[in-house]
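Below: query29.pdb (PDB, C-alpha atoms)
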```
ATOM      1  CA  MET A   1       0.000   0.000   0.000
ATOM      2  CA  SER A   2       1.525   3.312  -1.036
ATOM      3  CA  ALA A   3       0.732   6.732   0.360
ATOM      4  CA  THR A   4      -1.238   9.285  -1.567
ATOM      5  CA  TYR A   5      -0.293  12.912  -1.988
ATOM      6  CA  ILE A   6      -1.850  16.176  -3.073
ATOM      7  CA  SER A   7       0.057  16.810  -6.272
ATOM      8  CA  SER A   8      -1.338  20.259  -7.082
ATOM      9  CA  PHE A   9      -4.014  22.626  -5.868
ATOM     10  CA  LEU A  10      -5.913  25.564  -7.229
ATOM     11  CA  HIS A  11      -8.276  28.147  -5.812
ATOM     12  CA  ILE A  12     -10.485  30.534  -7.785
ATOM     13  CA  LYS A  13     -12.597  33.191  -6.096
ATOM     14  CA  ASN A  14     -13.187  36.942  -6.342
ATOM     15  CA  GLN A  15     -11.396  37.243  -9.687
ATOM     16  CA  GLU A  16      -8.199  35.712  -8.259
ATOM     17  CA  VAL A  17      -6.566  32.421  -9.146
ATOM     18  CA  TYR A  18      -4.003  30.774  -6.904
ATOM     19  CA  LEU A  19      -2.094  27.772  -8.188
ATOM     20  CA  ASN A  20       0.049  25.705  -5.815
ATOM     21  CA  GLY A  21       0.030  28.509  -3.286
ATOM     22  CA  SER A  22       1.062  31.332  -5.591
ATOM     23  CA  ILE A  23      -0.944  33.892  -7.487
ATOM     24  CA  PHE A  24      -1.569  32.653 -11.038
ATOM     25  CA  PHE A  25      -3.980  35.249 -12.365
ATOM     26  CA  LYS A  26      -5.826  38.296 -11.129
ATOM     27  CA  ASP A  27      -8.454  40.150 -13.112
ATOM     28  CA  GLU A  28      -8.308  43.831 -12.241
ATOM     29  CA  VAL A  29     -10.934  44.828 -14.818
ATOM     30  CA  ASN A  30     -13.901  42.489 -14.682
ATOM     31  CA  THR A  31     -15.930  42.193 -11.518
ATOM     32  CA  ASP A  32     -18.563  39.850 -12.917
ATOM     33  CA  PHE A  33     -18.119  36.115 -13.429
ATOM     34  CA  ALA A  34     -18.820  36.203 -17.169
ATOM     35  CA  GLY A  35     -16.112  38.777 -17.854
ATOM     36  CA  PHE A  36     -13.655  37.181 -15.449
ATOM     37  CA  ILE A  37     -13.969  33.618 -16.742
ATOM     38  CA  ARG A  38     -13.686  34.796 -20.364
ATOM     39  CA  GLU A  39     -10.543  36.725 -19.493
ATOM     40  CA  LEU A  40      -9.096  33.704 -17.705
ATOM     41  CA  TYR A  41      -9.934  31.518 -20.711
ATOM     42  CA  ARG A  42      -7.936  33.874 -22.909
ATOM     43  CA  HIS A  43      -5.134  34.189 -20.370
ATOM     44  CA  ILE A  44      -4.424  30.450 -20.384
ATOM     45  CA  GLY A  45      -4.483  30.382 -24.184
ATOM     46  CA  MET A  46      -7.296  27.882 -24.347
ATOM     47  CA  SER A  47      -8.917  27.137 -27.684
ATOM     48  CA  TYR A  48     -12.097  25.162 -27.103
ATOM     49  CA  PRO A  49     -15.178  26.726 -28.747
ATOM     50  CA  LYS A  50     -17.488  24.483 -26.737
ATOM     51  CA  PHE A  51     -16.477  26.521 -23.686
ATOM     52  CA  TYR A  52     -18.822  29.322 -24.752
ATOM     53  CA  LYS A  53     -21.785  26.974 -24.874
ATOM     54  CA  MET A  54     -21.396  25.713 -21.316
ATOM     55  CA  ASP A  55     -23.229  26.903 -18.270
ATOM     56  CA  ASP A  56     -21.247  28.844 -15.671
ATOM     57  CA  LEU A  57     -20.711  25.885 -13.341
ATOM     58  CA  SER A  58     -19.149  23.851 -16.150
ATOM     59  CA  LYS A  59     -17.057  26.808 -17.325
ATOM     60  CA  LEU A  60     -15.596  27.134 -13.844
ATOM     61  CA  ALA A  61     -14.860  23.414 -13.580
ATOM     62  CA  LEU A  62     -13.447  23.215 -17.097
ATOM     63  CA  ILE A  63     -11.075  26.152 -16.651
ATOM     64  CA  GLY A  64      -9.918  24.748 -13.308
ATOM     65  CA  GLY A  65      -9.327  21.354 -14.863
ATOM     66  CA  GLU A  66      -7.419  22.958 -17.708
ATOM     67  CA  ILE A  67      -5.068  24.899 -15.438
ATOM     68  CA  ILE A  68      -4.414  22.002 -13.101
ATOM     69  CA  THR A  69      -3.816  19.369 -15.781
ATOM     70  CA  LYS A  70      -1.244  21.590 -17.461
ATOM     71  CA  ASN A  71       0.643  21.570 -14.201
ATOM     72  CA  THR A  72       0.515  17.898 -13.322
ATOM     73  CA  SER A  73       1.781  14.794 -15.059
ATOM     74  CA  ASP A  74      -0.556  13.127 -17.518
ATOM     75  CA  SER A  75       0.991   9.744 -18.057
ATOM     76  CA  PHE A  76      -2.097   7.853 -16.976
ATOM     77  CA  LEU A  77      -4.559   5.823 -18.969
ATOM     78  CA  PRO A  78      -8.069   7.327 -19.295
ATOM     79  CA  GLU A  79      -9.531   4.687 -16.990
ATOM     80  CA  GLU A  80      -6.839   5.359 -14.365
ATOM     81  CA  LYS A  81      -8.072   8.930 -13.867
ATOM     82  CA  SER A  82     -11.031   9.903 -11.663
ATOM     83  CA  ILE A  83     -13.069  12.979 -10.861
ATOM     84  CA  ILE A  84     -14.814  13.692  -7.556
ATOM     85  CA  PHE A  85     -16.642  17.003  -7.287
ATOM     86  CA  ALA A  86     -18.949  18.572  -4.730
ATOM     87  CA  ASN A  87     -20.833  21.808  -4.207
ATOM     88  CA  LYS A  88     -23.680  23.465  -2.378
ATOM     89  CA  SER A  89     -25.967  24.772  -5.116
ATOM     90  CA  SER A  90     -25.952  21.765  -7.429
ATOM     91  CA  SER A  91     -27.056  23.058 -10.867
ATOM     92  CA  LEU A  92     -29.632  25.430  -9.360
ATOM     93  CA  ASP A  93     -28.406  28.461 -11.302
ATOM     94  CA  THR A  94     -29.078  26.711 -14.603
ATOM     95  CA  ASP A  95     -32.254  25.123 -13.244
ATOM     96  CA  TYR A  96     -33.630  28.614 -12.683
ATOM     97  CA  LYS A  97     -32.672  29.679 -16.216
ATOM     98  CA  HIS A  98     -34.375  26.601 -17.618
ATOM     99  CA  GLN A  99     -37.525  27.302 -15.603
ATOM    100  CA  GLU A 100     -37.537  30.926 -16.761
ATOM    101  CA  ALA A 101     -37.281  29.788 -20.371
ATOM    102  CA  ILE A 102     -40.200  27.397 -19.862
ATOM    103  CA  ASP A 103     -42.256  30.177 -18.266
ATOM    104  CA  THR A 104     -41.610  32.606 -21.095
ATOM    105  CA  GLY A 105     -42.195  30.249 -23.980
ATOM    106  CA  LEU A 106     -39.722  27.783 -25.432
ATOM    107  CA  ALA A 107     -37.102  25.987 -23.383
ATOM    108  CA  SER A 108     -33.574  25.910 -24.715
ATOM    109  CA  PRO A 109     -32.085  22.423 -25.234
ATOM    110  CA  ALA A 110     -28.606  23.902 -24.714
ATOM    111  CA  VAL A 111     -29.640  25.152 -21.261
ATOM    112  CA  PHE A 112     -31.574  22.003 -20.398
ATOM    113  CA  VAL A 113     -28.551  19.721 -20.830
ATOM    114  CA  TYR A 114     -26.785  21.532 -17.976
ATOM    115  CA  THR A 115     -29.563  21.002 -15.433
ATOM    116  CA  LEU A 116     -27.497  18.401 -13.596
ATOM    117  CA  PRO A 117     -24.331  19.279 -11.620
ATOM    118  CA  ASN A 118     -22.401  16.225 -12.778
ATOM    119  CA  ILE A 119     -22.457  17.550 -16.337
ATOM    120  CA  SER A 120     -19.495  19.650 -15.183
ATOM    121  CA  ILE A 121     -17.638  16.390 -14.516
ATOM    122  CA  GLY A 122     -18.545  15.243 -18.005
ATOM    123  CA  GLU A 123     -17.125  18.378 -19.579
ATOM    124  CA  VAL A 124     -13.805  17.957 -17.775
ATOM    125  CA  ALA A 125     -13.767  14.246 -18.577
ATOM    126  CA  ILE A 126     -14.392  14.832 -22.287
ATOM    127  CA  ARG A 127     -11.729  17.527 -22.492
ATOM    128  CA  HIS A 128      -9.061  15.454 -20.724
ATOM    129  CA  LYS A 129     -10.090  11.928 -21.724
ATOM    130  CA  ILE A 130     -10.901  10.799 -18.196
ATOM    131  CA  MET A 131     -12.809   7.529 -18.051
ATOM    132  CA  GLY A 132     -12.337   6.356 -14.462
ATOM    133  CA  GLU A 133     -14.578   6.718 -11.429
ATOM    134  CA  ASN A 134     -16.629   9.869 -11.045
ATOM    135  CA  SER A 135     -18.986  11.237  -8.406
ATOM    136  CA  PHE A 136     -20.663  14.526  -7.594
ATOM    137  CA  PHE A 137     -21.837  15.271  -4.053
ATOM    138  CA  VAL A 138     -24.088  18.078  -2.886
ATOM    139  CA  SER A 139     -23.769  19.370   0.678
ATOM    140  CA  GLU A 140     -24.360  22.626   2.567
ATOM    141  CA  GLU A 141     -20.627  23.099   3.107
ATOM    142  CA  PHE A 142     -17.486  21.503   1.702
ATOM    143  CA  ASP A 143     -17.437  18.113   3.440
ATOM    144  CA  ILE A 144     -13.709  17.504   3.401
ATOM    145  CA  LYS A 145     -13.828  14.148   5.129
ATOM    146  CA  ASN A 146     -16.392  12.837   2.670
ATOM    147  CA  MET A 147     -14.253  14.000  -0.220
ATOM    148  CA  PHE A 148     -11.189  12.362   1.312
ATOM    149  CA  TYR A 149     -12.890   9.054   2.039
ATOM    150  CA  ARG A 150     -14.436   8.945  -1.437
ATOM    151  CA  THR A 151     -11.018   9.455  -3.008
ATOM    152  CA  ASP A 152      -8.318   7.777  -0.949
ATOM    153  CA  PRO A 153      -9.784   4.250  -1.013
ATOM    154  CA  LEU A 154      -9.918   4.397  -4.829
ATOM    155  CA  HIS A 155      -6.172   4.937  -4.878
ATOM    156  CA  LEU A 156      -5.386   2.389  -2.196
ATOM    157  CA  ALA A 157      -7.485  -0.219  -4.002
ATOM    158  CA  ASN A 158      -5.699   0.588  -7.261
ATOM    159  CA  LYS A 159      -8.959   1.696  -8.853
ATOM    160  CA  THR A 160      -7.374   4.956  -9.828
ATOM    161  CA  LYS A 161      -3.967   6.592 -10.059
ATOM    162  CA  TYR A 162      -4.931  10.217 -10.537
ATOM    163  CA  SER A 163      -7.907  12.028  -9.053
ATOM    164  CA  ILE A 164      -9.206  15.507  -9.665
ATOM    165  CA  CYS A 165     -11.152  16.586  -6.590
ATOM    166  CA  ALA A 166     -13.020  19.852  -6.315
ATOM    167  CA  TRP A 167     -15.452  22.002  -4.451
ATOM    168  CA  VAL A 168     -16.998  23.746  -7.432
ATOM    169  CA  GLU A 169     -19.709  26.175  -6.456
ATOM    170  CA  TYR A 170     -21.649  28.579  -8.646
ATOM    171  CA  PHE A 171     -24.928  30.369  -8.020
ATOM    172  CA  GLN A 172     -26.126  33.675  -9.465
ATOM    173  CA  GLY A 173     -22.688  35.147 -10.021
ATOM    174  CA  ASN A 174     -21.145  33.936  -6.773
ATOM    175  CA  TYR A 175     -18.473  31.345  -7.351
ATOM    176  CA  GLU A 176     -15.658  29.429  -5.760
ATOM    177  CA  LEU A 177     -13.478  26.638  -7.029
ATOM    178  CA  PHE A 178     -11.064  24.741  -4.833
ATOM    179  CA  LEU A 179      -9.534  21.979  -6.881
ATOM    180  CA  TYR A 180      -6.698  19.600  -6.107
ATOM    181  CA  THR A 181      -5.210  16.483  -7.606
ATOM    182  CA  VAL A 182      -4.265  13.289  -5.810
ATOM    183  CA  GLU A 183      -1.517  10.938  -6.924
ATOM    184  CA  GLN A 184       0.769   8.267  -5.512
ATOM    185  CA  ASN A 185       3.842   9.806  -7.132
ATOM    186  CA  PRO A 186       3.305  13.534  -7.438
ATOM    187  CA  ILE A 187       5.490  15.853  -9.434
ATOM    188  CA  LEU A 188       4.817  18.790  -7.142
ATOM    189  CA  ASP A 189       8.466  18.257  -6.392
ATOM    190  CA  VAL A 190      10.943  18.952  -3.677
ATOM    191  CA  SER A 191      12.462  21.969  -5.336
ATOM    192  CA  SER A 192       9.203  23.798  -5.914
ATOM    193  CA  ILE A 193       7.984  23.084  -2.390
ATOM    194  CA  GLU A 194      11.292  24.171  -0.870
ATOM    195  CA  LYS A 195      10.896  27.536  -2.522
ATOM    196  CA  MET A 196       7.437  27.967  -1.065
ATOM    197  CA  PRO A 197       6.911  28.952   2.527
ATOM    198  CA  ILE A 198       4.874  26.110   3.958
ATOM    199  CA  PHE A 199       1.802  26.996   5.943
ATOM    200  CA  ALA A 200       2.042  25.933   9.577
ATOM    201  CA  GLY A 201       0.461  22.611  10.310
ATOM    202  CA  LEU A 202       0.646  21.157   6.812
ATOM    203  CA  LEU A 203       1.566  17.487   6.952
ATOM    204  CA  ILE A 204       4.574  16.925   4.719
ATOM    205  CA  LYS A 205       6.431  13.730   3.930
ATOM    206  CA  ASP A 206       9.527  13.681   1.742
ATOM    207  CA  ASN A 207       8.675  17.250   0.784
ATOM    208  CA  LYS A 208       5.317  16.160  -0.553
ATOM    209  CA  ILE A 209       1.908  17.229   0.736
ATOM    210  CA  ILE A 210       0.219  14.162   2.218
ATOM    211  CA  HIS A 211      -3.342  13.510   1.072
ATOM    212  CA  HIS A 212      -5.035  13.952   4.436
ATOM    213  CA  PRO A 213      -8.241  15.741   5.532
ATOM    214  CA  SER A 214      -6.319  18.222   7.688
ATOM    215  CA  ASN A 215      -4.109  19.196   4.739
ATOM    216  CA  ILE A 216      -7.123  19.630   2.465
ATOM    217  CA  GLU A 217      -8.732  21.820   5.127
ATOM    218  CA  ILE A 218      -5.614  23.965   5.541
ATOM    219  CA  LEU A 219      -5.280  24.521   1.799
ATOM    220  CA  TYR A 220      -8.989  25.236   1.396
ATOM    221  CA  THR A 221      -9.404  27.576   4.361
ATOM    222  CA  ASN A 222      -6.389  29.574   3.211
ATOM    223  CA  ASN A 223      -7.966  29.965  -0.232
ATOM    224  CA  GLY A 224      -5.255  27.851  -1.788
ATOM    225  CA  ARG A 225      -2.490  30.175  -0.652
ATOM    226  CA  LEU A 226       0.622  29.027   1.140
ATOM    227  CA  LYS A 227       2.028  31.488   3.582
ATOM    228  CA  ASN A 228       3.964  31.699   6.825
TER     229      ASN A 228
ATOM    230  CA  MET B 229     -33.312  36.575 -49.607
ATOM    231  CA  GLU B 230     -29.847  37.949 -48.764
ATOM    232  CA  ASP B 231     -31.324  39.936 -45.887
ATOM    233  CA  LEU B 232     -32.928  36.779 -44.556
ATOM    234  CA  LYS B 233     -29.621  34.891 -44.747
ATOM    235  CA  THR B 234     -27.775  37.638 -42.882
ATOM    236  CA  LYS B 235     -30.472  37.793 -40.215
ATOM    237  CA  LEU B 236     -30.408  34.004 -39.947
ATOM    238  CA  LYS B 237     -26.661  34.004 -39.406
ATOM    239  CA  GLU B 238     -26.967  36.632 -36.676
ATOM    240  CA  GLN B 239     -29.674  34.582 -34.953
ATOM    241  CA  LEU B 240     -27.615  31.417 -35.306
ATOM    242  CA  ILE B 241     -24.527  33.050 -33.747
ATOM    243  CA  GLU B 242     -26.575  34.277 -30.809
ATOM    244  CA  ALA B 243     -28.581  31.095 -30.272
ATOM    245  CA  LEU B 244     -25.558  28.788 -30.497
ATOM    246  CA  ASN B 245     -23.122  31.039 -28.620
ATOM    247  CA  LEU B 246     -20.635  31.084 -31.474
ATOM    248  CA  GLU B 247     -18.383  33.513 -29.621
ATOM    249  CA  GLY B 248     -16.241  35.784 -31.744
ATOM    250  CA  MET B 249     -17.848  34.718 -35.014
ATOM    251  CA  LYS B 250     -19.284  37.295 -37.438
ATOM    252  CA  PRO B 251     -22.104  36.679 -39.960
ATOM    253  CA  GLU B 252     -19.790  37.334 -42.911
ATOM    254  CA  GLU B 253     -17.520  34.516 -41.740
ATOM    255  CA  ILE B 254     -20.249  31.931 -42.299
ATOM    256  CA  ASP B 255     -20.364  30.702 -45.884
ATOM    257  CA  ASN B 256     -23.981  30.445 -47.024
ATOM    258  CA  ALA B 257     -23.349  27.154 -48.804
ATOM    259  CA  ALA B 258     -21.030  25.542 -46.236
ATOM    260  CA  PRO B 259     -22.351  22.612 -44.174
ATOM    261  CA  LEU B 260     -23.379  23.674 -40.687
ATOM    262  CA  PHE B 261     -22.624  20.262 -39.211
ATOM    263  CA  GLY B 262     -19.523  18.126 -39.486
ATOM    264  CA  GLU B 263     -16.687  19.902 -41.236
ATOM    265  CA  GLY B 264     -18.517  23.244 -41.408
ATOM    266  CA  LEU B 265     -19.273  25.057 -38.166
ATOM    267  CA  GLY B 266     -18.882  21.782 -36.296
ATOM    268  CA  LEU B 267     -22.306  21.925 -34.692
ATOM    269  CA  ASP B 268     -23.558  19.000 -32.617
ATOM    270  CA  SER B 269     -26.873  17.315 -31.844
ATOM    271  CA  ILE B 270     -27.780  19.835 -29.125
ATOM    272  CA  ASP B 271     -27.183  22.629 -31.633
ATOM    273  CA  ALA B 272     -29.590  20.873 -33.993
ATOM    274  CA  LEU B 273     -32.270  21.053 -31.308
ATOM    275  CA  GLU B 274     -31.465  24.743 -30.784
ATOM    276  CA  LEU B 275     -31.954  25.334 -34.509
ATOM    277  CA  ILE B 276     -35.389  23.712 -34.320
ATOM    278  CA  VAL B 277     -36.241  26.061 -31.428
ATOM    279  CA  LEU B 278     -34.822  29.007 -33.389
ATOM    280  CA  LEU B 279     -37.131  28.340 -36.329
ATOM    281  CA  GLU B 280     -40.152  27.976 -34.095
ATOM    282  CA  LYS B 281     -39.363  31.017 -31.971
ATOM    283  CA  ASN B 282     -38.381  33.464 -34.693
ATOM    284  CA  TYR B 283     -40.330  32.228 -37.706
ATOM    285  CA  ASN B 284     -43.160  30.221 -36.159
ATOM    286  CA  ILE B 285     -42.113  27.237 -38.246
ATOM    287  CA  ARG B 286     -42.182  23.738 -36.782
ATOM    288  CA  ILE B 287     -40.072  20.850 -38.022
ATOM    289  CA  GLU B 288     -42.427  17.929 -37.588
ATOM    290  CA  ASP B 289     -40.288  15.221 -39.158
ATOM    291  CA  PRO B 290     -36.668  14.883 -37.933
ATOM    292  CA  LYS B 291     -35.724  13.668 -41.435
ATOM    293  CA  ASP B 292     -36.600  17.128 -42.758
ATOM    294  CA  GLY B 293     -34.113  18.625 -40.318
ATOM    295  CA  ARG B 294     -31.178  16.979 -42.054
ATOM    296  CA  LYS B 295     -32.029  18.717 -45.326
ATOM    297  CA  VAL B 296     -33.215  22.006 -43.837
ATOM    298  CA  PHE B 297     -30.203  22.491 -41.555
ATOM    299  CA  HIS B 298     -27.598  21.550 -44.142
ATOM    300  CA  SER B 299     -26.521  25.159 -44.682
ATOM    301  CA  ILE B 300     -27.674  28.761 -44.378
ATOM    302  CA  ASP B 301     -28.846  28.532 -48.000
ATOM    303  CA  THR B 302     -31.096  25.549 -47.298
ATOM    304  CA  MET B 303     -32.441  27.081 -44.092
ATOM    305  CA  ALA B 304     -33.293  30.355 -45.859
ATOM    306  CA  GLU B 305     -34.964  28.505 -48.765
ATOM    307  CA  PHE B 306     -37.029  26.461 -46.317
ATOM    308  CA  ILE B 307     -38.133  29.538 -44.342
ATOM    309  CA  GLN B 308     -39.040  31.401 -47.516
ATOM    310  CA  SER B 309     -41.023  28.479 -48.918
ATOM    311  CA  LYS B 310     -42.965  28.161 -45.646
ATOM    312  CA  GLN B 311     -43.659  31.893 -45.537
ATOM    313  CA  LEU B 312     -44.882  31.906 -49.138
ATOM    314  CA  SER B 313     -47.193  28.938 -48.574
ATOM    315  CA  ALA B 314     -48.594  30.353 -45.339
TER     316      ALA B 314
END
```
As a first step, turn the structure in this file into structure tokens.
Amino acid sequence: MSATYISSFLHIKNQEVYLNGSIFFKDEVNTDFAGFIRELYRHIGMSYPKFYKMDDLSKLALIGGEIITKNTSDSFLPEEKSIIFANKSSSLDTDYKHQEAIDTGLASPAVFVYTLPNISIGEVAIRHKIMGENSFFVSEEFDIKNMFYRTDPLHLANKTKYSICAWVEYFQGNYELFLYTVEQNPILDVSSIEKMPIFAGLLIKDNKIIHHPSNIEILYTNNGRLKN
Amino acid sequence: MEDLKTKLKEQLIEALNLEGMKPEEIDNAAPLFGEGLGLDSIDALELIVLLEKNYNIRIEDPKDGRKVFHSIDTMAEFIQSKQLSA
């Protein structure tokens, strides 16, 4: 049985993006989600026209997945990669839009297809050819222990070798994404960690961040930033 | 007819969220699906809604959709024929 580690982590909120503890992007112009996410899409040089057709929850998840996968190894088979997401508002934002469309006349098929939160998992999976386990949980707050115990056993049972875990919340313009990846052999390596001031209390082994509920909580509650 | 095609392209860009695309960039004769604009099955449903919403035209038989939604030219011809026979 080998240990599991957090191989990268990302936090997006209030027009700021932190990747592995450091600022990755900050939008000084746009204060709304639509403007911010479009700017971030351009910033990372993404070319994926389907992005514009997605609902906001999927856009947030997709962009997060894009940033994180560019910064982690991708030597795994599609069925060795998993996605576990959670949020508070499910797909309620799109549900409302769908209901409004019904009330005013004709419903839009393109809106209707996003009236399930796990569609966001599908979008990330399609983009990155992920065909392993996937789950989406809805809870009032980010249930870190649930996320941990839904992920770690998959690795320890060799059901997966790479997991993308996220709290991906969107409702009426308010958004937050905390996303991290779990691996047995992370490439978030010694040198990069040594350069970063490690937040007090983070459980580290061989200069790697151990996949543990307390570490997930520390990274999440500090908005993905590492500081003294 | 040209006005209808231009209007149709504007409606198509808006309905299908074809970000950054301008009407003049869509070739009237080019296939909308496959190698053309690369639209998918959900887009096809949106086009059906577009016709109903903006032109009050219903596609009753899905087989008709394949011919009607082949290109902007075929869509415009279909709309015009329906409007003339109405």
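A straight line drawn from CA of Ile37 (chain A) to CA of Asp143 (chain A) is 25.7 Å long.
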Which residues would end up in the selection if the PyMOL selection byres ((chain A) within 10 of (chain B)) were applied here, given that I need the answer as a tab-separated table (two decimals) with C-alpha atoms, keeping the file's coordinate frame?
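Saved file expr.tsv follows:
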```
chain	number	residue	atom	x	y	z
A	49	PRO	CA	-15.18	26.73	-28.75
A	50	LYS	CA	-17.49	24.48	-26.74
A	51	PHE	CA	-16.48	26.52	-23.69
A	52	TYR	CA	-18.82	29.32	-24.75
A	53	LYS	CA	-21.78	26.97	-24.87
A	54	MET	CA	-21.40	25.71	-21.32
A	105	GLY	CA	-42.20	30.25	-23.98
A	106	LEU	CA	-39.72	27.78	-25.43
A	107	ALA	CA	-37.10	25.99	-23.38
A	108	SER	CA	-33.57	25.91	-24.72
A	109	PRO	CA	-32.08	22.42	-25.23
A	110	ALA	CA	-28.61	23.90	-24.71
A	111	VAL	CA	-29.64	25.15	-21.26
A	112	PHE	CA	-31.57	22.00	-20.40
A	113	VAL	CA	-28.55	19.72	-20.83
```
Residue among B:Thr302, B:Asn282, B:Ser313, B:Gln308 lying closest to Ala257 (chain B), counting only C-alpha atoms: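 Among the listed residues, the smallest separation from Ala257 (chain B) belongs to B:Thr302.
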Nearby residues (only C-alpha atoms) at most 10 Å from Glu230 (chain B), same-chain spacing under 2 positions excluded, as a PyMOL selection string: chain B and resi 232-236+256+301+304
Using 3 Å of padding on each side, determine the axis-aligned box around all atoms of region 35-49 of chain A present in the file and give its centre and edge lengths in Å to one decimal, as AutoDock Vina command-line options.
```
--center_x -10.3 --center_y 32.0 --center_z -22.1 --size_x 17.7 --size_y 19.6 --size_z 19.3
```
Explicit residues for the PyMOL selection byres ((chain B and resi 261) around 10) (as a PyMOL selection string): chain B and resi 258-260+262-269+271-272+294+297-299
Ground truth for the PyMOL selection byres ((chain A and resi 126-142) around 8), written as a VMD selection string: chain A and resid 78 to 90 117 to 118 121 to 125 143 to 144 159 to 160 167
Separation of CA of Gln184 (chain A) from CA of Ala61 (chain A), in Å and rounded to one decimal: 23.2 Å
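For the atom pair formed by CA of Ile216 (chain A) and CA of Ile204 (chain A), the distance is 12.2 Å, given to one decimal.
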